[in-house]
Amino acid sequence: MTTFNTEAPTILSLAEVEQPAGTIRRYWLRIISDGLGEPVRIPILVAKGTQEGPTLGVTAAVHGDELNGIRVIQRLFSDLDVKELKGTIIGVLVVNIPAFLRQTRVYTDGFDLNHVMPGKEEGRASEVYAFRLIDRIIQHFDYLLDLHTASRGRINSYYVRADMSHEDTRQLAILQNPQLIVHNPPSDGTLRGAADTLDIPAVTLEVGNPGVYQKKLIRSGTEGVHNVLSHLGMTSDEIIAPAAPPIICKRSYWIYTHTGGLLTVEVDLLKEVKKGDLIASQRDVFGTLKEQYLAPEDGVVIGKSTMPVNRSGGRVLHLGIL
């Protein structure tokens with residue numbers, strides 16, 4: 001039986017980790033100091049196998065209200081037989097500690113941490129945090145699975161964003177057994193993009209909805225990580241095949257409202273729509289129909305807004321192009 005050490009030491013970088021083979025340990029990684037000069041620390045789990053192998057990093061809560069990924073990492077480490085593991089698994093349970101403590105999406109300076117990667121050594125607060133994250137944690141990975149959810153007021157299908165033209169990331173994406181995959185080369189400012197710059201194959205996995213635990217999706221996310229471990233030769237588990245092949249999208253984009261009002265999205269997740277199909281209606285506070293939104297082209301619904309109150313320029317739905 002695997003047991004954790006009772007006290008988690010504080011470290012400044014994963015380079016400081018020295019633990020015996022065949023063990024799982026907890027660490028607090030100091031990343032910044034708060035306004036009182038007290039350390040702000042990131043919780044990390046490290047499983048070191050008994051044989052040499054790659055280092056897989058699994059990160060969660062880049063946005064503070066994304067909780068499903070945290071539970072995926074917890075379940076992953078509780079399932080592990082570390083004595084049979086080849087290589088190392090590093091679970092970063094909460095990336096964005098300041099946002100997590102406030103249960104908000106953005107960093108304390110109002111910026112989205114997933115839009116400022118790889119940050120700056122001397123910059124505004126979110127840039128410094130991002131720089132230290134990459135420098136002290138991410139650069140030590142050989143592969144990265146970055147776990148996210150939808151943001152508040154929206155829901156997502158279980159899908160992956162990955163560069164499908166790159167064989168390593170294509171395999172990582174398919175192994176998640178997602179409902180849908182969006183071909184999305186790494187964009188500037190994302191954690192996935194920063195990893196790619198360091199030649200670390202990485203994918204973004206959208207595991208459901210914000211602010212909740214969703215058991216079915218947590219189970220699916222955990223299964224996907226286990227598939228990756230088997231594919232990389234880190235475990236001898238069998239790869240679990242998908243119940244159905246994923247829908248593949250060559251690109252995707254959000255559709256936005258023209259006017260404000262009360263929005264009703266008329267289509268469900270994973271619904272295939274044709275150009276001209278009704279996808280949403282918007283009414284004023286008196287209930288008068290103000291505008292109807294039609295699909296601009298054929299596609300599939302990846303995610304959608306669930307918040308009726310919607311101002312001009314609000315999101316309607318995320319459309320994937322097959």
# chains A, B, ... in the order shown; residues from 1 in each chain; ligands from 1

call {"tool": "residues_around", "arguments": {"residues": "Val62 (chain A)", "least_positions_apart": "3", "cutoff": "7 Å", "atoms": "only C-alpha atoms", "output": "list in words"}}
result
Val94, Val95, Asn96, Leu113 and Asn114 of chain A

call {"tool": "write_last_selection", "arguments": {"atoms": "C-alpha atoms", "output": "PDB file, in the first residue's frame"}}
result
ATOM      1  CA  VAL A  94      -4.090  24.277  -8.430  1.00  0.00           C
ATOM      2  CA  VAL A  95      -2.070  26.463 -10.794  1.00  0.00           C
ATOM      3  CA  ASN A  96      -3.749  29.795 -10.058  1.00  0.00           C
ATOM      4  CA  LEU A 113      -3.443  33.840 -16.563  1.00  0.00           C
ATOM      5  CA  ASN A 114      -3.948  31.700 -19.677  1.00  0.00           C
TER       6      ASN A 114
END

call {"tool": "select_by_dssp", "arguments": {"residues": "region 34-208 of chain A", "states": "helix (DSSP H, G or I)", "output": "MDAnalysis selection string"}}
result
chainID A and resid 68:79 82:84 97:102 113:115 125:136 138:140 167:174 191:197

call {"tool": "residues_around", "arguments": {"residues": "region 102-105 of chain A", "least_positions_apart": "3", "cutoff": "6 Å", "atoms": "only C-alpha atoms", "output": "PyMOL selection string"}}
result
chain A and resi 63-65+99

call {"tool": "residues_around", "arguments": {"residues": "Thr235 (chain A)", "least_positions_apart": "4", "cutoff": "7 Å", "atoms": "only C-alpha atoms", "output": "MDAnalysis selection string"}}
result
chainID A and resid 84:86 229:230

call {"tool": "closest_atom_pairs", "arguments": {"of": "region 125-166 of chain A", "to": "region 250-266 of chain A", "cutoff": "12 Å", "atoms": "only C-alpha atoms", "output": "tab-separated table"}}
result
residue	atom	partner	partner_atom	distance
A:Gly153	CA	A:Leu263	CA	11.7
A:Arg154	CA	A:Val265	CA	11.0
A:Ile155	CA	A:Val265	CA	11.7
A:Val160	CA	A:Ser252	CA	11.9
A:Arg161	CA	A:Arg251	CA	9.7
A:Ala162	CA	A:Lys250	CA	10.5
A:Asp163	CA	A:Lys250	CA	10.0
A:Met164	CA	A:Lys250	CA	9.0
A:Ser165	CA	A:Lys250	CA	10.6
